[in-house]
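Heads up: the structure comes next, in structure tokens.
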Amino acid sequence: MSLASKLTDERRSRLAAERMLELKQAELFAANRKLGKHAMELSEEIVETRAQVATIRGENQRVKSDLSAANQKIAIAERRLWHSIETINDGFAFFNGDNEMIIANRAYLAIFDGLEMICPGVNYVTILQMLTDEGIVNTGDMSGPEWRQMMGERFQLSKPEPMVIQLWNGNYIKLIDQRGPEGDVVSLGLDITATVAYEEQLKESRAVAETANRAKSAFLANMSHEIRTPMNGVIGMADLLKDSELDEEQRLYVETIKNSGEALLVIINDVLDYSKIEAKKLELHPEPFDLERAILEVLMLLQPSASAKGLSLLLDYDLFLPSHLVGDPGRMRQVLTNLIGNAVKFTTEGHVLVRVTGVPDMASKTLSLHVNIEDTGIGIPADMVDHIFGEFNQVENERNRQFDGTGLGLAISQRLIEMMDGEIWVTSEEGAGSCFGFRMNMSLTDMPDWEAWRAPAGLRHVLILDDITVNRSILRRQLAQLSIEVTECETVTDAQIAINASVDLLIVSEKDAPEMVTYLENATTSVPIVLLTSSSTAPAPVETKNIQGMLQSPPSRQDLFELLGKIPFKSMAIAPEVSKPTRPEVADDLRRMRILAAEDNKTNQLVFRKMISKLNVDLEFANNGEEAVTLFQTFAPDLIFMDISMPKMDGKEATAAIRAMETENHTPIVALTAHAMDGDDADILAAGLDRYLTKPLRKPLIVDEIEAAHTEEMLPLEPSQDAG
Ligand code: ADP
């Protein structure tokens, strides 16, 4: 090999080695750079981890300090809580599920007055034992063991009721125990001594207030009574003046005086009654009475005001319901007058219907009675329904206050019904009407009046012609209960179409009678007719022999069936006419009836004299009881009217003296009393008086008494027709 080739080879090898070196150097450099980068990353990671460690350390530190602060706070709160529990005057204790005391405050332990065994760990049973053994608690009527048993059982309950115990020193502790879900018990003993004393005080104050209220009511009752006496004079005199000769203007004045006086008397009577109820001086006087009659009497009284407004007054007394009951008829009438009177007062058109139903129980001889008074009047707003039963409460709206009144009627009625062990309520719709109802149990008398009614022979079909629907339906129900077929007609045309040979009786309203009668006469149909009249005055005469009688609407069941019983249906013979008693001939040796009136008040004497001035009697006045006794001997009266409160000797004493003097004859003595306070009437009758009349005097009642005592040996009371 040539040198040149050798050199070339050498150069080539060197160049290759140099290139290899360069390559390796580049690789090394790259590896170095990678290493450097990795080292950099590692160191960054280390820095980061260090920072994290520092943070965690800081947080640990903070948590530690927070924990210790929280612990401190808990300790403070616990201390404060316990301090508070310790400082309260009421007892506090905590028991575990085994009824062992865990903790108790000073007040709780103080009750045990230093008994060492009462401390945390003690069982509730031991506590009860100590309470009784040491005489700490007043167990009342119970023995120690009984009391402990009762208390132990109570403590075991999941929800013991709070209870009050009394300690030896008179203090009252109210125990409130609450068992938690784990069975542990928080026990509180509240000292309620002051509250109990306060309640006691309240009770006393209430009793004082009630006494004062009763005194007020008694005062009101006396006042009203005192006002009634002079009112007697005012009304009596106005009544007499009315009958004298007056021109139109004077008559108006007198009537105004009389009406105002009577209105005032109604108010006074309401106040008097309410005061008597409040003062607990009102008593009921049960006696047998006829309920249906009582309702009819009230309806009769209200008929004029109802007719004046064109209202129909209706009674629907269940046909087979007894009406002879035992109750206080006066008070029952008062309730009925209030309720029916209100219904008439607050109704301007339509009707007022009294519905009486009930369930008799013949075994116990009682009747569960229901009375409803339904009207089509102005109604009562829903939110006023309870309000109106309060004293002096009325609905205060424009519509309502066109009507006057005291607002006492319902309050009195409610109290009276409650006294009769009954209940009163009202349902009403404003603008449509109201329905007042009451129910009560009443005793039945021995008069089974409703069983005797049967349909008269020959009466099978009745046609009723009246445009008032309720009127027809009441009659229909009553007749249907006797198995009588009823056809109802609202108009004369309907009746003309409906009438046929099967109709045995036509009951027709007074209004439709003339037209119907003319039609029947033209048709030569002769069917018995009964007129139904709603006014208290006589109806316009309808000329036909077929009219068999007249019924006042609402008719009592008695009137209805008595009248039906008298009608000769079809082939039945006409009942012989009952002969009327004739006035006896006046004999020569008759004397005038002698009447003695003992009355100290001159005005009342004058009123009395005037009231009987038209009667043919001899009248003497006694100014006091003593004079009455003297006149009894000298004047020998046939009848005595006796005022009760008189100077020197009162009416009761005078009567006793007269009764002591009487031998065979019994002189009727009628008390005249303004004393409407209860108990008086019983006293009056016990003193030997026969009856009593309450002032203000009423002419018809006085005349009734005189007529009752009048006998055939006396001159007639001519002209007795004018007397009433
Ligand atoms: P008075 O009728 O004297 O106001 P009440 O105690 O009898 O007193 O009645 C109280 C109130 O109840 C009446 O003023 C009236 O507002 C309301 N009220 C009673 N009865 C009725 C009735 N039938 N219809 C509408 N409102 C009535």
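Chain labels A, B, ... are given in the sequence in which chains occur in the structure tokens; within each chain residues are numbered consecutively from 1, and ligands are likewise numbered from 1 in the order shown.
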A:Asn169 environment, 12 Å, only C-alpha atoms, sequence neighbours closer than 3 positions dropped, as a PDB file with N, CA, C and O atoms, in the first residue's frame:
```pdb
ATOM      1  N   ILE A 111     -84.830  21.605  99.306  1.00  0.00           N
ATOM      2  CA  ILE A 111     -86.081  21.086  99.847  1.00  0.00           C
ATOM      3  C   ILE A 111     -85.800  19.990 100.877  1.00  0.00           C
ATOM      4  O   ILE A 111     -86.529  19.832 101.855  1.00  0.00           O
ATOM      5  N   GLY A 135     -91.546  14.015 106.393  1.00  0.00           N
ATOM      6  CA  GLY A 135     -92.684  14.948 106.482  1.00  0.00           C
ATOM      7  C   GLY A 135     -92.461  16.203 105.651  1.00  0.00           C
ATOM      8  O   GLY A 135     -92.961  17.279 105.974  1.00  0.00           O
ATOM      9  N   ILE A 136     -91.688  16.068 104.562  1.00  0.00           N
ATOM     10  CA  ILE A 136     -91.400  17.261 103.752  1.00  0.00           C
ATOM     11  C   ILE A 136     -92.601  17.623 102.893  1.00  0.00           C
ATOM     12  O   ILE A 136     -92.865  18.781 102.608  1.00  0.00           O
ATOM     13  N   VAL A 137     -93.358  16.601 102.494  1.00  0.00           N
ATOM     14  CA  VAL A 137     -94.463  16.848 101.581  1.00  0.00           C
ATOM     15  C   VAL A 137     -95.795  16.577 102.285  1.00  0.00           C
ATOM     16  O   VAL A 137     -95.879  15.729 103.185  1.00  0.00           O
ATOM     17  N   ASN A 138     -96.801  17.349 101.882  1.00  0.00           N
ATOM     18  CA  ASN A 138     -98.145  17.136 102.421  1.00  0.00           C
ATOM     19  C   ASN A 138     -98.862  16.159 101.475  1.00  0.00           C
ATOM     20  O   ASN A 138     -99.165  16.508 100.340  1.00  0.00           O
ATOM     21  N   ILE A 165     -97.474  19.791  94.116  1.00  0.00           N
ATOM     22  CA  ILE A 165     -97.425  19.226  95.469  1.00  0.00           C
ATOM     23  C   ILE A 165     -97.286  20.374  96.467  1.00  0.00           C
ATOM     24  O   ILE A 165     -96.818  21.453  96.112  1.00  0.00           O
ATOM     25  N   GLN A 166     -97.735  20.112  97.690  1.00  0.00           N
ATOM     26  CA  GLN A 166     -97.609  21.155  98.714  1.00  0.00           C
ATOM     27  C   GLN A 166     -96.586  20.685  99.737  1.00  0.00           C
ATOM     28  O   GLN A 166     -96.611  19.524 100.168  1.00  0.00           O
ATOM     29  N   TYR A 172     -96.105  25.813  97.359  1.00  0.00           N
ATOM     30  CA  TYR A 172     -96.589  24.918  96.308  1.00  0.00           C
ATOM     31  C   TYR A 172     -95.498  24.732  95.257  1.00  0.00           C
ATOM     32  O   TYR A 172     -94.891  25.706  94.818  1.00  0.00           O
ATOM     33  N   ILE A 173     -95.245  23.477  94.875  1.00  0.00           N
ATOM     34  CA  ILE A 173     -94.243  23.183  93.847  1.00  0.00           C
ATOM     35  C   ILE A 173     -94.937  22.462  92.693  1.00  0.00           C
ATOM     36  O   ILE A 173     -95.645  21.482  92.908  1.00  0.00           O
ATOM     37  N   THR A 193     -95.903  29.140  94.560  1.00  0.00           N
ATOM     38  CA  THR A 193     -96.634  29.618  95.748  1.00  0.00           C
ATOM     39  C   THR A 193     -97.300  30.970  95.479  1.00  0.00           C
ATOM     40  O   THR A 193     -98.472  31.173  95.792  1.00  0.00           O
TER      41      THR A 193
END
```
Item to complete: Let me have all residues with an atom within 9 Å of ligand 1, counting only C-alpha atoms and all ligand atoms, laid out as a VMD selection string.
Response: chain A and resid 267 338 to 347 373 to 381 384 to 385 387 to 397 400 to 401 403 to 413 426 428 430 433 to 436
Write a file of the selected residues as a short mmCIF file (atom, residue, chain, number, x, y, z; two decimals), in the first residue's frame, keeping N, CA and C atoms.
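Listed below is the output, selection_18.cif:
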```cif
data_model
loop_
_atom_site.label_atom_id
_atom_site.label_comp_id
_atom_site.auth_asym_id
_atom_site.auth_seq_id
_atom_site.Cartn_x
_atom_site.Cartn_y
_atom_site.Cartn_z
N ILE A 267 -140.11 47.77 78.49
CA ILE A 267 -138.66 47.89 78.72
C ILE A 267 -138.36 47.61 80.19
N ASN A 338 -141.28 36.69 72.85
CA ASN A 338 -140.03 37.31 72.38
C ASN A 338 -139.69 36.83 70.98
N LEU A 339 -139.70 35.50 70.81
CA LEU A 339 -139.22 34.95 69.53
C LEU A 339 -140.21 35.23 68.40
N ILE A 340 -141.51 35.01 68.68
CA ILE A 340 -142.50 35.24 67.61
C ILE A 340 -142.62 36.74 67.37
N GLY A 341 -142.55 37.51 68.46
CA GLY A 341 -142.63 38.97 68.34
C GLY A 341 -141.48 39.49 67.47
N ASN A 342 -140.27 38.98 67.70
CA ASN A 342 -139.13 39.39 66.87
C ASN A 342 -139.37 39.01 65.42
N ALA A 343 -139.87 37.77 65.21
CA ALA A 343 -140.09 37.31 63.83
C ALA A 343 -141.05 38.26 63.11
N VAL A 344 -142.12 38.67 63.82
CA VAL A 344 -143.09 39.60 63.21
C VAL A 344 -142.42 40.96 62.99
N LYS A 345 -141.65 41.38 64.02
CA LYS A 345 -141.03 42.71 63.95
C LYS A 345 -140.06 42.83 62.77
N PHE A 346 -139.23 41.79 62.58
CA PHE A 346 -138.18 41.89 61.57
C PHE A 346 -138.59 41.32 60.21
N THR A 347 -139.92 41.14 60.01
CA THR A 347 -140.38 40.63 58.71
C THR A 347 -141.35 41.64 58.10
N ILE A 373 -139.36 28.77 65.10
CA ILE A 373 -140.09 29.96 64.67
C ILE A 373 -139.37 30.47 63.42
N GLU A 374 -140.08 30.35 62.32
CA GLU A 374 -139.45 30.60 61.03
C GLU A 374 -140.04 31.86 60.43
N ASP A 375 -139.20 32.77 59.94
CA ASP A 375 -139.77 33.96 59.30
C ASP A 375 -139.12 34.20 57.95
N THR A 376 -139.76 35.06 57.16
CA THR A 376 -139.22 35.41 55.84
C THR A 376 -138.76 36.86 55.88
N GLY A 377 -138.10 37.22 56.99
CA GLY A 377 -137.74 38.62 57.22
C GLY A 377 -136.35 38.98 56.76
N ILE A 378 -135.78 39.99 57.45
CA ILE A 378 -134.52 40.58 56.96
C ILE A 378 -133.32 39.69 57.23
N GLY A 379 -133.45 38.70 58.12
CA GLY A 379 -132.33 37.80 58.39
C GLY A 379 -131.26 38.45 59.24
N ILE A 380 -130.24 37.65 59.56
CA ILE A 380 -129.18 38.11 60.46
C ILE A 380 -127.84 37.80 59.81
N PRO A 381 -126.93 38.78 59.73
CA PRO A 381 -125.62 38.49 59.14
C PRO A 381 -124.92 37.37 59.92
N MET A 384 -123.12 37.85 63.17
CA MET A 384 -123.88 38.45 64.27
C MET A 384 -124.69 37.40 65.02
N VAL A 385 -124.67 36.17 64.50
CA VAL A 385 -125.57 35.15 65.01
C VAL A 385 -125.35 34.87 66.51
N HIS A 387 -123.65 36.99 68.54
CA HIS A 387 -123.69 38.29 69.20
C HIS A 387 -125.08 38.65 69.75
N ILE A 388 -126.12 38.33 68.95
CA ILE A 388 -127.45 38.82 69.31
C ILE A 388 -128.02 38.19 70.59
N PHE A 389 -127.40 37.10 71.07
CA PHE A 389 -127.91 36.51 72.30
C PHE A 389 -127.35 37.22 73.54
N GLY A 390 -126.40 38.12 73.34
CA GLY A 390 -125.82 38.86 74.47
C GLY A 390 -126.77 39.96 74.90
N GLU A 391 -126.65 40.37 76.19
CA GLU A 391 -127.57 41.40 76.67
C GLU A 391 -127.30 42.75 75.99
N PHE A 392 -128.34 43.43 75.62
CA PHE A 392 -128.33 44.73 74.93
C PHE A 392 -127.68 44.66 73.56
N ASN A 393 -127.49 43.46 73.03
CA ASN A 393 -126.84 43.33 71.71
C ASN A 393 -127.87 43.30 70.59
N GLN A 394 -127.61 44.10 69.59
CA GLN A 394 -128.50 44.12 68.42
C GLN A 394 -127.64 44.18 67.17
N VAL A 395 -128.23 43.84 66.04
CA VAL A 395 -127.50 43.99 64.79
C VAL A 395 -127.54 45.47 64.45
N GLU A 396 -126.35 46.04 64.25
CA GLU A 396 -126.30 47.49 64.07
C GLU A 396 -126.18 47.85 62.60
N ASN A 397 -127.12 47.46 61.77
CA ASN A 397 -127.04 47.97 60.40
C ASN A 397 -128.30 48.76 60.09
N ASN A 400 -131.63 46.99 59.98
CA ASN A 400 -132.07 46.46 61.26
C ASN A 400 -132.56 47.55 62.20
N ARG A 401 -131.86 48.67 62.18
CA ARG A 401 -132.17 49.66 63.21
C ARG A 401 -133.36 50.55 62.89
N PHE A 403 -135.99 49.23 63.41
CA PHE A 403 -136.88 48.61 64.40
C PHE A 403 -136.36 48.92 65.79
N ASP A 404 -137.26 49.21 66.72
CA ASP A 404 -136.73 49.50 68.05
C ASP A 404 -136.77 48.27 68.94
N GLY A 405 -136.23 48.41 70.13
CA GLY A 405 -136.14 47.28 71.06
C GLY A 405 -134.99 47.52 72.01
N THR A 406 -134.94 46.71 73.06
CA THR A 406 -133.89 46.92 74.07
C THR A 406 -132.69 46.03 73.84
N GLY A 407 -132.85 44.99 73.05
CA GLY A 407 -131.74 44.04 72.90
C GLY A 407 -131.67 43.08 74.07
N LEU A 408 -132.74 43.00 74.86
CA LEU A 408 -132.72 42.10 76.02
C LEU A 408 -133.51 40.82 75.78
N GLY A 409 -134.43 40.88 74.80
CA GLY A 409 -135.36 39.76 74.61
C GLY A 409 -134.68 38.42 74.43
N LEU A 410 -133.69 38.37 73.54
CA LEU A 410 -133.04 37.08 73.28
C LEU A 410 -132.19 36.65 74.47
N ALA A 411 -131.54 37.63 75.12
CA ALA A 411 -130.71 37.28 76.29
C ALA A 411 -131.61 36.65 77.36
N ILE A 412 -132.77 37.25 77.57
CA ILE A 412 -133.70 36.71 78.57
C ILE A 412 -134.20 35.34 78.13
N SER A 413 -134.59 35.24 76.86
CA SER A 413 -135.12 33.96 76.37
C SER A 413 -134.08 32.86 76.52
N VAL A 426 -130.16 29.63 66.43
CA VAL A 426 -130.77 30.30 65.29
C VAL A 426 -129.99 29.96 64.02
N SER A 428 -129.90 31.47 59.99
CA SER A 428 -130.46 32.61 59.29
C SER A 428 -129.68 32.88 58.01
N GLU A 430 -129.12 36.20 55.53
CA GLU A 430 -129.42 37.62 55.44
C GLU A 430 -130.28 37.89 54.21
N GLY A 433 -134.40 35.35 55.65
CA GLY A 433 -135.22 35.03 56.82
C GLY A 433 -134.41 34.34 57.90
N SER A 434 -135.06 34.12 59.02
CA SER A 434 -134.38 33.49 60.16
C SER A 434 -135.24 32.37 60.68
N CYS A 435 -134.59 31.43 61.35
CA CYS A 435 -135.34 30.38 62.03
C CYS A 435 -134.74 30.21 63.42
N PHE A 436 -135.49 30.65 64.43
CA PHE A 436 -135.06 30.45 65.81
C PHE A 436 -135.67 29.14 66.30
#
```
Pick out each residue of stretch 320-406 of chain A that DSSP on the backbone tags as helix (DSSP H, G or I); I need them as a PDB file with N, CA and C atoms, in the first residue's frame.
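Now in result-v1.pdb:
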```pdb
ATOM      1  N   PRO A 329    -145.883  28.150  82.560  1.00  0.00           N
ATOM      2  CA  PRO A 329    -146.564  28.693  81.378  1.00  0.00           C
ATOM      3  C   PRO A 329    -146.225  30.161  81.143  1.00  0.00           C
ATOM      4  N   GLY A 330    -146.063  30.919  82.223  1.00  0.00           N
ATOM      5  CA  GLY A 330    -145.778  32.350  82.077  1.00  0.00           C
ATOM      6  C   GLY A 330    -144.458  32.555  81.367  1.00  0.00           C
ATOM      7  N   ARG A 331    -143.452  31.808  81.804  1.00  0.00           N
ATOM      8  CA  ARG A 331    -142.112  31.980  81.229  1.00  0.00           C
ATOM      9  C   ARG A 331    -142.069  31.417  79.812  1.00  0.00           C
ATOM     10  N   MET A 332    -142.824  30.342  79.575  1.00  0.00           N
ATOM     11  CA  MET A 332    -142.871  29.771  78.230  1.00  0.00           C
ATOM     12  C   MET A 332    -143.500  30.793  77.286  1.00  0.00           C
ATOM     13  N   ARG A 333    -144.574  31.445  77.769  1.00  0.00           N
ATOM     14  CA  ARG A 333    -145.247  32.453  76.951  1.00  0.00           C
ATOM     15  C   ARG A 333    -144.285  33.613  76.665  1.00  0.00           C
ATOM     16  N   GLN A 334    -143.487  33.947  77.697  1.00  0.00           N
ATOM     17  CA  GLN A 334    -142.552  35.056  77.537  1.00  0.00           C
ATOM     18  C   GLN A 334    -141.526  34.751  76.432  1.00  0.00           C
ATOM     19  N   VAL A 335    -140.999  33.523  76.442  1.00  0.00           N
ATOM     20  CA  VAL A 335    -140.024  33.130  75.420  1.00  0.00           C
ATOM     21  C   VAL A 335    -140.690  33.168  74.041  1.00  0.00           C
ATOM     22  N   LEU A 336    -141.910  32.601  73.969  1.00  0.00           N
ATOM     23  CA  LEU A 336    -142.609  32.563  72.684  1.00  0.00           C
ATOM     24  C   LEU A 336    -142.915  33.975  72.192  1.00  0.00           C
ATOM     25  N   THR A 337    -143.346  34.836  73.121  1.00  0.00           N
ATOM     26  CA  THR A 337    -143.668  36.207  72.726  1.00  0.00           C
ATOM     27  C   THR A 337    -142.418  36.897  72.187  1.00  0.00           C
ATOM     28  N   ASN A 338    -141.277  36.692  72.854  1.00  0.00           N
ATOM     29  CA  ASN A 338    -140.034  37.310  72.378  1.00  0.00           C
ATOM     30  C   ASN A 338    -139.689  36.825  70.980  1.00  0.00           C
ATOM     31  N   LEU A 339    -139.696  35.499  70.806  1.00  0.00           N
ATOM     32  CA  LEU A 339    -139.223  34.952  69.530  1.00  0.00           C
ATOM     33  C   LEU A 339    -140.207  35.232  68.400  1.00  0.00           C
ATOM     34  N   ILE A 340    -141.513  35.011  68.681  1.00  0.00           N
ATOM     35  CA  ILE A 340    -142.498  35.238  67.606  1.00  0.00           C
ATOM     36  C   ILE A 340    -142.620  36.744  67.366  1.00  0.00           C
ATOM     37  N   GLY A 341    -142.554  37.507  68.465  1.00  0.00           N
ATOM     38  CA  GLY A 341    -142.626  38.971  68.338  1.00  0.00           C
ATOM     39  C   GLY A 341    -141.484  39.489  67.474  1.00  0.00           C
ATOM     40  N   ASN A 342    -140.274  38.979  67.705  1.00  0.00           N
ATOM     41  CA  ASN A 342    -139.130  39.387  66.868  1.00  0.00           C
ATOM     42  C   ASN A 342    -139.371  39.009  65.418  1.00  0.00           C
ATOM     43  N   ALA A 343    -139.873  37.774  65.208  1.00  0.00           N
ATOM     44  CA  ALA A 343    -140.088  37.315  63.832  1.00  0.00           C
ATOM     45  C   ALA A 343    -141.050  38.261  63.114  1.00  0.00           C
ATOM     46  N   VAL A 344    -142.120  38.674  63.819  1.00  0.00           N
ATOM     47  CA  VAL A 344    -143.086  39.601  63.207  1.00  0.00           C
ATOM     48  C   VAL A 344    -142.417  40.960  62.994  1.00  0.00           C
ATOM     49  N   LYS A 345    -141.646  41.381  64.020  1.00  0.00           N
ATOM     50  CA  LYS A 345    -141.035  42.714  63.952  1.00  0.00           C
ATOM     51  C   LYS A 345    -140.063  42.828  62.772  1.00  0.00           C
ATOM     52  N   ALA A 382    -124.193  36.510  59.208  1.00  0.00           N
ATOM     53  CA  ALA A 382    -123.594  35.315  59.830  1.00  0.00           C
ATOM     54  C   ALA A 382    -122.734  35.671  61.040  1.00  0.00           C
ATOM     55  N   ASP A 383    -121.980  36.769  60.962  1.00  0.00           N
ATOM     56  CA  ASP A 383    -121.077  37.081  62.081  1.00  0.00           C
ATOM     57  C   ASP A 383    -121.810  37.680  63.283  1.00  0.00           C
ATOM     58  N   MET A 384    -123.120  37.847  63.166  1.00  0.00           N
ATOM     59  CA  MET A 384    -123.877  38.448  64.273  1.00  0.00           C
ATOM     60  C   MET A 384    -124.692  37.396  65.018  1.00  0.00           C
ATOM     61  N   HIS A 387    -123.653  36.986  68.545  1.00  0.00           N
ATOM     62  CA  HIS A 387    -123.687  38.293  69.204  1.00  0.00           C
ATOM     63  C   HIS A 387    -125.079  38.648  69.745  1.00  0.00           C
ATOM     64  N   ILE A 388    -126.121  38.333  68.954  1.00  0.00           N
ATOM     65  CA  ILE A 388    -127.454  38.817  69.313  1.00  0.00           C
ATOM     66  C   ILE A 388    -128.019  38.192  70.591  1.00  0.00           C
ATOM     67  N   PHE A 389    -127.400  37.098  71.068  1.00  0.00           N
ATOM     68  CA  PHE A 389    -127.907  36.505  72.300  1.00  0.00           C
ATOM     69  C   PHE A 389    -127.348  37.225  73.541  1.00  0.00           C
ATOM     70  N   ASN A 400    -131.633  46.988  59.980  1.00  0.00           N
ATOM     71  CA  ASN A 400    -132.069  46.464  61.257  1.00  0.00           C
ATOM     72  C   ASN A 400    -132.559  47.546  62.199  1.00  0.00           C
ATOM     73  N   ARG A 401    -131.865  48.669  62.182  1.00  0.00           N
ATOM     74  CA  ARG A 401    -132.170  49.655  63.206  1.00  0.00           C
ATOM     75  C   ARG A 401    -133.362  50.552  62.886  1.00  0.00           C
ATOM     76  N   GLN A 402    -134.119  50.152  61.871  1.00  0.00           N
ATOM     77  CA  GLN A 402    -135.406  50.832  61.696  1.00  0.00           C
ATOM     78  C   GLN A 402    -136.372  50.325  62.751  1.00  0.00           C
TER      79      GLN A 402
END
```
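Omitting stretch 496-505 of chain A and its sequence neighbours fewer than 4 positions away, and counting only C-alpha atoms, the residues within 6 Å are Leu459, His461, Val462, Pro528 and Ile529 of chain A.
The smallest atom-to-atom distance between A:Met300 and any of A:Thr445, A:Pro554, A:Asn60, A:Ile118, using only C-alpha atoms, is found for A:Pro554.
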Worksheet item: What's the 8 Å shell around stretch 662-671 of chain A, counting only C-alpha atoms, without same-chain residues fewer than 3 positions away, as number ranges by chain?
Response: A: 637-644, 651, 655, 658-659, 684, 689-693, 709
Practice prompt. Give the strand (DSSP E or B) residues of stretch 149-360 of chain A, as DSSP finds them on the backbone, and put them as a count of residues only.
Written response: 44
Discussion item. So that I can see what lies close to A:Asn213, please list as a list of chain:residue names the residues with an atom at most 10 Å from it, counting only C-alpha atoms and leaving out residues fewer than 4 positions away in the same chain.
Written reply: A:Ala207, A:Val208, A:Ala209, A:Ser217, A:Ala218, A:Phe219, A:Ser275, A:Glu278, A:Ala279
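Take the candidates A:Ser483, A:Thr630, A:Ser244, A:Thr366 and check each one against A:Met440 using only C-alpha atoms; the shortest distance goes to A:Thr366.
You will find atom CA of A:Ser305 at 15.9 Å from atom CA of A:Gln552.
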Determine, counting only C-alpha atoms, which protein, DNA and RNA residues have an atom within 10 Å of an atom of A:Leu532; residues of the same chain fewer than 6 positions away are not included. Present the result as a tab-separated table (two decimals) with N, CA, C and O atoms, in the first residue's frame.
```
chain	number	residue	atom	x	y	z
A	464	ILE	N	-159.18	22.39	49.91
A	464	ILE	CA	-158.72	23.61	50.59
A	464	ILE	C	-158.41	24.66	49.53
A	464	ILE	O	-157.60	24.41	48.63
A	465	LEU	N	-159.03	25.82	49.67
A	465	LEU	CA	-158.77	26.92	48.75
A	465	LEU	C	-158.16	28.08	49.54
A	465	LEU	O	-158.84	28.71	50.36
A	466	ASP	N	-156.88	28.33	49.31
A	466	ASP	CA	-156.18	29.42	50.02
A	466	ASP	C	-154.94	29.72	49.20
A	466	ASP	O	-154.25	28.81	48.75
A	471	ASN	N	-150.21	27.77	54.63
A	471	ASN	CA	-151.52	27.60	55.25
A	471	ASN	C	-152.17	26.30	54.81
A	471	ASN	O	-152.68	25.52	55.60
A	507	ILE	N	-162.81	24.02	52.58
A	507	ILE	CA	-162.25	24.99	53.53
A	507	ILE	C	-161.70	26.11	52.67
A	507	ILE	O	-160.82	25.89	51.83
A	508	VAL	N	-162.24	27.32	52.87
A	508	VAL	CA	-161.88	28.39	51.94
A	508	VAL	C	-161.46	29.65	52.70
A	508	VAL	O	-162.03	29.98	53.74
A	509	SER	N	-160.43	30.31	52.17
A	509	SER	CA	-159.96	31.53	52.83
A	509	SER	C	-161.04	32.59	52.70
A	509	SER	O	-161.79	32.63	51.71
A	510	GLU	N	-161.09	33.44	53.69
A	510	GLU	CA	-162.07	34.51	53.76
A	510	GLU	C	-162.06	35.34	52.47
A	510	GLU	O	-163.09	35.75	51.95
A	511	LYS	N	-160.85	35.50	51.92
A	511	LYS	CA	-160.67	36.35	50.74
A	511	LYS	C	-161.37	35.74	49.50
A	511	LYS	O	-162.00	36.45	48.73
A	512	ASP	N	-161.24	34.42	49.38
A	512	ASP	CA	-161.78	33.79	48.18
A	512	ASP	C	-163.24	33.34	48.35
A	512	ASP	O	-163.87	32.90	47.38
A	513	ALA	N	-163.74	33.44	49.59
A	513	ALA	CA	-165.06	32.87	49.88
A	513	ALA	C	-166.19	33.45	48.99
A	513	ALA	O	-166.94	32.67	48.38
A	539	PRO	N	-165.18	38.60	59.83
A	539	PRO	CA	-165.04	38.73	58.38
A	539	PRO	C	-166.30	39.32	57.74
A	539	PRO	O	-167.36	39.32	58.36
A	549	GLY	N	-169.18	27.10	59.64
A	549	GLY	CA	-168.41	27.64	60.75
A	549	GLY	C	-167.19	28.36	60.23
A	549	GLY	O	-166.96	28.44	59.03
A	550	MET	N	-166.46	28.92	61.21
A	550	MET	CA	-165.32	29.73	60.84
A	550	MET	C	-164.13	29.29	61.68
A	550	MET	O	-164.27	28.99	62.86
A	551	LEU	N	-163.00	29.26	61.07
A	551	LEU	CA	-161.79	28.91	61.82
A	551	LEU	C	-160.87	30.11	61.80
A	551	LEU	O	-160.64	30.71	60.74
A	552	GLN	N	-160.36	30.44	62.97
A	552	GLN	CA	-159.38	31.51	63.05
A	552	GLN	C	-158.04	30.90	62.63
A	552	GLN	O	-157.63	29.87	63.15
A	553	SER	N	-157.38	31.51	61.66
A	553	SER	CA	-156.10	30.96	61.23
A	553	SER	C	-154.99	31.61	62.04
A	553	SER	O	-154.98	32.82	62.16
A	554	PRO	N	-154.06	30.87	62.63
A	554	PRO	CA	-153.96	29.42	62.57
A	554	PRO	C	-154.95	28.75	63.53
A	554	PRO	O	-155.06	29.19	64.66
A	555	PRO	N	-155.67	27.72	63.09
A	555	PRO	CA	-156.61	27.08	63.99
A	555	PRO	C	-155.88	26.13	64.93
A	555	PRO	O	-154.86	25.56	64.56
```
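Of the listed residues A:Leu282, A:Ala654, A:Met223, A:Leu314, the one whose atoms come nearest to A:Met419 is A:Leu282, with distances taken using only C-alpha atoms.
In this comparison, which uses only C-alpha atoms, the residue of A:Glu515, A:Glu423, A:Glu249, A:Glu562 approaching A:Arg454 most closely is A:Glu562.
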Discussion item. Need to verify the contact set: A:Asn99, 9 Å, only C-alpha atoms, exclusion of same-chain residues closer than 6 positions in sequence. Can you return it as a PyMOL selection string?
Written reply: chain A and resi 122-125+155-156+183-185
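Residue nearest A:Asp618, chosen from A:Ile706, A:Glu10, A:Gln558, A:Leu296 and counting only C-alpha atoms: A:Ile706.
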